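What follows is query12.txt (compact mmCIF, C-alpha atoms).
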# COMPACT_ATOMS: atom_id res chain seq x y z
CA MET D 536 16.10 -29.20 -20.70
CA PRO D 537 18.47 -26.95 -18.70
CA ARG D 538 20.10 -24.04 -20.45
CA ARG D 539 23.47 -24.76 -22.00
CA THR D 540 26.18 -22.82 -20.17
CA ARG D 541 27.88 -20.26 -22.38
CA LEU D 542 31.66 -20.34 -22.65
CA ASN D 543 32.99 -16.78 -22.45
CA LEU D 544 36.70 -16.42 -21.78
CA THR D 545 38.69 -13.23 -21.45
CA GLY D 546 40.75 -12.47 -24.54
CA LEU D 547 39.20 -15.11 -26.82
CA PRO D 548 37.05 -14.09 -29.80
CA LEU D 549 33.33 -14.80 -29.65
CA HIS D 550 30.86 -15.08 -32.52
CA ILE D 551 27.40 -13.95 -31.44
CA VAL D 552 24.07 -14.25 -33.27
CA GLN D 553 20.79 -12.77 -32.08
CA ARG D 554 17.55 -13.27 -33.99
CA GLY D 555 14.21 -11.57 -34.06
CA ASN D 556 11.43 -13.50 -32.34
CA ASN D 557 10.02 -16.11 -34.72
CA ARG D 558 12.48 -14.70 -37.24
CA ILE D 559 10.39 -11.57 -37.70
CA ALA D 560 12.02 -8.27 -38.60
CA CYS D 561 13.79 -6.33 -35.88
CA PHE D 562 14.88 -3.39 -38.07
CA PHE D 563 12.24 -1.39 -39.91
CA ALA D 564 13.85 1.92 -40.95
CA GLU D 565 17.28 3.48 -41.31
CA GLU D 566 16.90 5.19 -37.94
CA ASP D 567 16.62 1.79 -36.28
CA TYR D 568 19.99 0.64 -37.62
CA HIS D 569 21.61 3.90 -36.55
CA PHE D 570 20.11 3.60 -33.07
CA TYR D 571 21.35 0.02 -32.65
CA LEU D 572 24.87 0.83 -33.85
CA HIS D 573 25.13 3.88 -31.62
CA TRP D 574 24.30 1.87 -28.50
CA LEU D 575 26.38 -1.11 -29.65
CA ASN D 576 29.38 1.20 -29.67
CA HIS D 577 28.40 2.71 -26.31
CA TYR D 578 27.95 -0.58 -24.45
CA ALA D 579 30.92 -2.28 -26.13
CA ARG D 580 33.15 0.45 -24.75
CA GLN D 581 31.42 0.51 -21.38
CA TYR D 582 31.82 -3.21 -20.77
CA GLY D 583 35.10 -3.80 -22.58
CA CYS D 584 34.22 -5.68 -25.76
CA ALA D 585 36.38 -5.09 -28.84
CA ILE D 586 34.10 -5.42 -31.87
CA HIS D 587 35.94 -6.82 -34.89
CA ALA D 588 33.05 -7.38 -37.31
CA TYR D 589 29.28 -7.01 -37.42
CA VAL D 590 26.29 -7.13 -39.71
CA LEU D 591 22.73 -6.04 -39.04
CA MET D 592 20.34 -8.06 -41.16
CA THR D 593 16.62 -7.44 -41.31
CA ASN D 594 15.77 -10.07 -38.72
CA HIS D 595 19.06 -10.93 -37.03
CA VAL D 596 22.45 -9.60 -35.95
CA HIS D 597 25.97 -11.03 -36.07
CA LEU D 598 28.82 -9.77 -33.91
CA LEU D 599 32.44 -10.92 -33.76
CA LEU D 600 34.13 -9.58 -30.65
CA THR D 601 36.78 -10.16 -28.00
CA PRO D 602 35.85 -9.44 -24.36
CA SER D 603 38.22 -8.01 -21.77
CA LYS D 604 36.20 -9.74 -19.04
CA ALA D 605 34.33 -13.04 -19.14
CA ASP D 606 30.97 -11.45 -18.27
CA ALA D 607 31.34 -8.55 -20.73
CA PRO D 608 29.44 -10.14 -23.67
CA ALA D 609 26.40 -10.93 -21.50
CA LYS D 610 26.33 -7.40 -20.10
CA LEU D 611 26.69 -5.94 -23.57
CA MET D 612 23.89 -8.01 -25.08
CA GLN D 613 21.54 -7.55 -22.13
CA SER D 614 21.95 -3.77 -22.00
CA LEU D 615 21.85 -3.32 -25.76
CA GLY D 616 18.90 -5.65 -26.23
CA ARG D 617 16.88 -4.01 -23.48
CA ARG D 618 17.48 -0.49 -24.75
CA TYR D 619 16.73 -1.41 -28.34
CA VAL D 620 13.48 -3.18 -27.46
CA GLN D 621 12.35 -0.16 -25.47
CA TYR D 622 13.13 2.07 -28.43
CA ILE D 623 11.31 -0.16 -30.93
CA ASN D 624 8.24 -0.57 -28.72
CA LYS D 625 7.97 3.16 -28.15
CA THR D 626 8.68 4.14 -31.77
CA TYR D 627 6.24 1.67 -33.32
CA GLU D 628 3.71 1.58 -30.48
CA ARG D 629 4.10 -2.11 -29.93
CA THR D 630 4.49 -4.36 -26.89
CA GLY D 631 6.10 -7.66 -26.09
CA THR D 632 9.37 -9.30 -26.92
CA LEU D 633 11.47 -8.57 -29.98
CA TRP D 634 14.33 -11.05 -29.68
CA GLU D 635 14.13 -14.83 -29.96
CA GLY D 636 15.18 -15.94 -26.48
CA ARG D 637 18.86 -15.96 -25.60
CA TYR D 638 21.49 -14.95 -28.07
CA LYS D 639 23.70 -17.70 -29.53
CA ALA D 640 27.47 -17.59 -29.11
CA SER D 641 30.55 -19.68 -29.79
CA LEU D 642 34.19 -19.32 -28.80
CA VAL D 643 36.48 -18.97 -31.82
CA GLN D 644 40.03 -20.24 -32.22
CA ALA D 645 41.55 -17.11 -33.72
CA GLU D 646 44.48 -18.74 -35.51
CA VAL D 647 42.21 -21.11 -37.42
CA TYR D 648 38.79 -19.51 -37.76
CA LEU D 649 38.93 -15.76 -37.04
CA LEU D 650 39.29 -14.63 -40.66
CA ALA D 651 36.68 -17.17 -41.76
CA CYS D 652 34.27 -15.71 -39.18
CA HIS D 653 35.01 -12.20 -40.45
CA ARG D 654 34.11 -13.33 -43.92
CA TYR D 655 31.09 -15.31 -42.77
CA VAL D 656 29.65 -12.34 -40.89
CA GLU D 657 30.18 -9.75 -43.62
CA MET D 658 29.03 -12.06 -46.45
CA ASN D 659 25.56 -12.45 -44.92
CA PRO D 660 23.90 -9.89 -47.26
CA VAL D 661 25.43 -11.63 -50.29
CA ARG D 662 24.26 -15.08 -49.17
CA ALA D 663 20.81 -13.57 -48.61
CA GLU D 664 20.95 -12.16 -52.18
CA MET D 665 20.43 -8.64 -50.88
CA THR D 666 23.63 -7.35 -52.52
CA ALA D 667 26.14 -8.62 -55.05
CA HIS D 668 29.13 -7.61 -52.94
CA PRO D 669 29.51 -6.95 -49.19
CA ARG D 670 30.69 -3.37 -49.84
CA ASP D 671 27.19 -2.55 -51.10
CA TYR D 672 25.56 -3.28 -47.74
CA VAL D 673 25.89 -0.28 -45.45
CA TRP D 674 24.93 -1.98 -42.17
CA SER D 675 28.09 -4.05 -41.80
CA SER D 676 31.75 -3.64 -40.94
CA TYR D 677 33.06 -4.64 -44.37
CA ARG D 678 33.87 -1.15 -45.62
CA ALA D 679 35.71 -0.36 -42.39
CA ASN D 680 37.78 -3.54 -42.53
CA ALA D 681 38.37 -3.73 -46.28
CA GLU D 682 38.31 -0.09 -47.38
CA GLY D 683 39.36 1.92 -44.34
CA ARG D 684 36.03 3.64 -43.79
CA ASN D 685 35.90 5.37 -40.42
CA ASP D 686 33.82 3.27 -38.04
CA PRO D 687 34.22 3.97 -34.31
CA ILE D 688 32.71 0.58 -33.47
CA ILE D 689 35.50 -1.47 -35.03
CA THR D 690 38.68 -2.51 -33.23
CA PRO D 691 40.82 -4.73 -35.48
CA HIS D 692 41.95 -8.03 -34.00
CA GLU D 693 45.72 -8.43 -33.82
CA LEU D 694 45.61 -11.20 -36.43
CA VAL D 695 43.89 -8.87 -38.88
CA GLU D 696 46.46 -6.18 -38.18
CA ARG D 697 49.21 -8.65 -39.12
CA ILE D 698 47.96 -9.38 -42.64
CA GLY D 699 49.48 -6.13 -43.96
CA GLN D 700 52.38 -3.91 -42.89
CA THR D 701 50.45 -0.71 -43.63
CA ASP D 702 46.77 0.19 -43.44
CA GLU D 703 46.54 0.13 -47.23
CA LEU D 704 48.19 -3.28 -47.56
CA ARG D 705 46.09 -4.69 -44.73
CA GLN D 706 42.89 -3.49 -46.35
CA GLN D 707 43.93 -4.95 -49.70
CA ALA D 708 44.74 -8.30 -48.11
CA TYR D 709 41.45 -8.26 -46.23
CA ALA D 710 39.45 -7.53 -49.40
CA GLU D 711 41.22 -10.39 -51.19
CA LEU D 712 39.78 -12.81 -48.64
CA PHE D 713 36.41 -12.24 -50.30
CA HIS D 714 37.62 -12.97 -53.84
CA THR D 715 37.72 -16.76 -53.48
CA GLU D 716 34.91 -19.25 -52.97
CA PHE D 717 34.03 -19.79 -49.33
CA ASP D 718 34.80 -23.33 -48.16
CA PRO D 719 31.42 -25.03 -47.51
CA ASP D 720 32.97 -27.01 -44.65
CA ALA D 721 34.00 -23.78 -42.92
CA ILE D 722 30.48 -22.40 -43.29
CA ALA D 723 29.00 -25.60 -41.85
CA ALA D 724 31.44 -25.56 -38.94
CA ILE D 725 30.65 -21.93 -38.08
CA ARG D 726 26.91 -22.53 -38.25
CA ALA D 727 27.05 -25.68 -36.16
CA ALA D 728 29.26 -24.14 -33.47
CA THR D 729 27.17 -21.00 -33.15
CA GLY D 730 23.84 -22.78 -33.30
CA LYS D 731 24.74 -25.11 -30.43
CA GLY D 732 26.98 -22.80 -28.44
CA GLN D 733 30.02 -24.97 -29.09
CA VAL D 734 33.70 -24.18 -29.51
CA LEU D 735 34.85 -23.36 -33.04
CA GLY D 736 38.37 -24.71 -33.43
CA ASP D 737 40.56 -27.77 -33.81
CA ASP D 738 40.78 -30.66 -31.35
CA ARG D 739 43.77 -29.19 -29.52
CA PHE D 740 41.92 -25.92 -28.93
CA LYS D 741 38.82 -27.74 -27.72
CA ASP D 742 40.90 -29.78 -25.30
CA GLU D 743 42.49 -26.59 -23.96
CA ILE D 744 39.09 -24.95 -23.43
CA ALA D 745 37.76 -28.07 -21.71
CA ALA D 746 40.77 -28.09 -19.37
CA MET D 747 40.42 -24.38 -18.63
CA THR D 748 36.69 -24.50 -17.91
CA GLY D 749 36.19 -28.02 -16.63
CA LYS D 750 33.27 -28.34 -19.04
CA ARG D 751 32.59 -30.68 -21.93
CA VAL D 752 33.03 -28.79 -25.20
CA VAL D 753 32.60 -31.70 -27.61
CA PRO D 754 29.10 -33.22 -27.80
CA GLN D 755 28.77 -36.86 -26.89
CA ALA D 756 28.30 -39.26 -29.76
CA ARG D 757 24.70 -40.16 -30.22
CA GLY D 758 23.70 -43.76 -29.69
CA ARG D 759 20.46 -45.60 -29.41
CA LYS D 760 17.95 -43.92 -27.13
CA ARG D 761 18.07 -45.61 -23.75
CA GLN D 762 14.74 -46.87 -22.51
CA ASN D 763 14.62 -45.27 -19.10
CA ALA D 764 13.31 -42.10 -17.54
CA ASN D 765 16.80 -40.73 -16.92
CA ALA D 766 17.90 -40.86 -20.53
CA LEU D 767 18.99 -37.51 -21.92
CA VAL D 768 18.00 -36.89 -25.50
CA ASP D 769 19.69 -34.09 -27.40
CA ALA D 770 16.85 -32.48 -29.30
CA GLU D 771 18.60 -29.29 -30.37
CA GLN D 772 19.00 -28.56 -34.05
CA ILE D 773 22.43 -27.83 -35.45
CA GLY D 774 21.66 -25.44 -38.28
CA PHE D 775 20.37 -21.89 -38.18
CA GLY D 776 19.45 -21.75 -41.86
CA PHE D 777 21.42 -18.57 -42.48
Written as C-alpha cells, how would this file's structure read?
Amino acid sequence: MPRRTRLNLTGLPLHIVQRGNNRIACFFAEEDYHFYLHWLNHYARQYGCAIHAYVLMTNHVHLLLTPSKADAPAKLMQSLGRRYVQYINKTYERTGTLWEGRYKASLVQAEVYLLACHRYVEMNPVRAEMTAHPRDYVWSSYRANAEGRNDPIITPHELVERIGQTDELRQQAYAELFHTEFDPDAIAAIRAATGKGQVLGDDRFKDEIAAMTGKRVVPQARGRKRQNANALVDAEQIGFGF
C-alpha cells in the first residue's frame, strides 16, 4: 500500500506522534530526555516550528506545533530523529533503528480542537497512571503552560494567549481546563485523526482543507469488498492504544 501523503499547511497546528520501534523504550535516563529537548528546541527554531505543547513518554513522543513553512515539520522530525538515534546508539552501544517507521501527524482545527489537543498531550502521564496530575511529570509542557515555568521550547498559540488578559489569568484559565472530565468523544477523535493522518476538525474545516490541497481528507465509507484484483482494502487500524 502506498504511503499516505501527509497534510502540512503553513500556519495550521499539527499534532505529531512518534513511537519507539515495536513500542520499546526510547528514553532510558534523565540525560536522554534533556538531550532530546535541547535538540527539539534547536531544530524547531532552525526550521520555523512553534512548539505549543509536548510530552516525552517512555516509548513515544507527542508534539503540538504550528509550522511557518509546509515542509518544516518533516525537516524538524528528520533532523531531530536522526541526531537522537545517533546519540542513543553511541551512548548505549547499540545499533539499528529506534523509531517505529514514519511519525504520525494530523492537521488540527485550532478553534475547535487546539485546547483539547493541549490537554490530550499533557494528560498522557496521567492516563498512563505514571502521575496523579500533569504537573508532577517533568518531561512535558504542562508547567510552562499552566504555571508559567520558563521553557524556551514553548511558544503559546494565539488562542491560548487569548484565554486570559494577563499571564497569571491565562495560566489559571489553562489549568482549569484540566479540572473537568475529558470528553471521551474528543479523545477518540484525536486518536483516530492522528493514527490515520487525517484532519481533526469539523466538516467545514475538512472541506476547506480538501479544497486547498486537492486531496481527499475524509475516508471513503467502507462497503463490501469488491471481488477483483484492483479493489483497494483499507487495512489500517484507527487506534493507537494510548
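With all atoms listed in the file as the basis for measurement, D:Tyr655 is the residue among D:Thr701, D:Tyr655, D:Phe562, D:Trp634 that approaches Asp720 (chain D) most closely.
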Identify, on the basis of all atoms listed in the file, every residue whose closest approach to His597 (chain D) does not exceed 9 Å; exclude the query and any residue fewer than 2 positions from it along the same chain; express the result as a list in words.
-> His550, Ile551, Val552, Gln553, Arg554, Ala588, Tyr589, Val590, Leu591, Met592, His595, Leu599, Val656, Glu657 and Asn659 of chain D
Work out how far apart CA of Ile698 (chain D) and CA of Ala710 (chain D) are and give it in Å to one decimal.
-> 11.0 Å
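Using all atoms listed in the file, the protein and nucleic acid residues lying no more than 9 Å from Tyr578 (chain D), apart from those fewer than 3 places from it along its own chain, are His573, Trp574, Leu575, Gln581, Tyr582, Gly583, Cys584, Lys610, Leu611, Met612, Ser614 and Leu615 of chain D.
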Neighbours of Met665 (chain D) within 12 Å (only C-alpha atoms; same-chain residues fewer than 6 positions away dropped), as JSON, numbers by chain?
-> {"D": [592, 593, 658, 659, 671, 672, 673, 674]}
May I ask which of the residues D:Thr729, D:Gln707, D:Thr748, D:Thr715 is the closest one to Val643 (chain D), counting all atoms listed in the file?
->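 Closest residue, counting all atoms listed in the file: D:Thr729.
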Contacts of Tyr619 (chain D) within 10 Å, only C-alpha atoms, excl. fewer than 3 positions in-chain, as a VMD selection string | chain D and resid 561 567 570 to 571 574 to 575 613 to 616 622 to 625 633
Give, as JSON, the centre coordinates and the x, y and z edge lengths in Å to one decimal for an axis-aligned box around all listed atoms of region 695-712 of chain D, padded by 6 Å on each side.
{"center_x": 45.9, "center_y": -6.3, "center_z": -44.7, "size_x": 24.9, "size_y": 25.0, "size_z": 25.0}
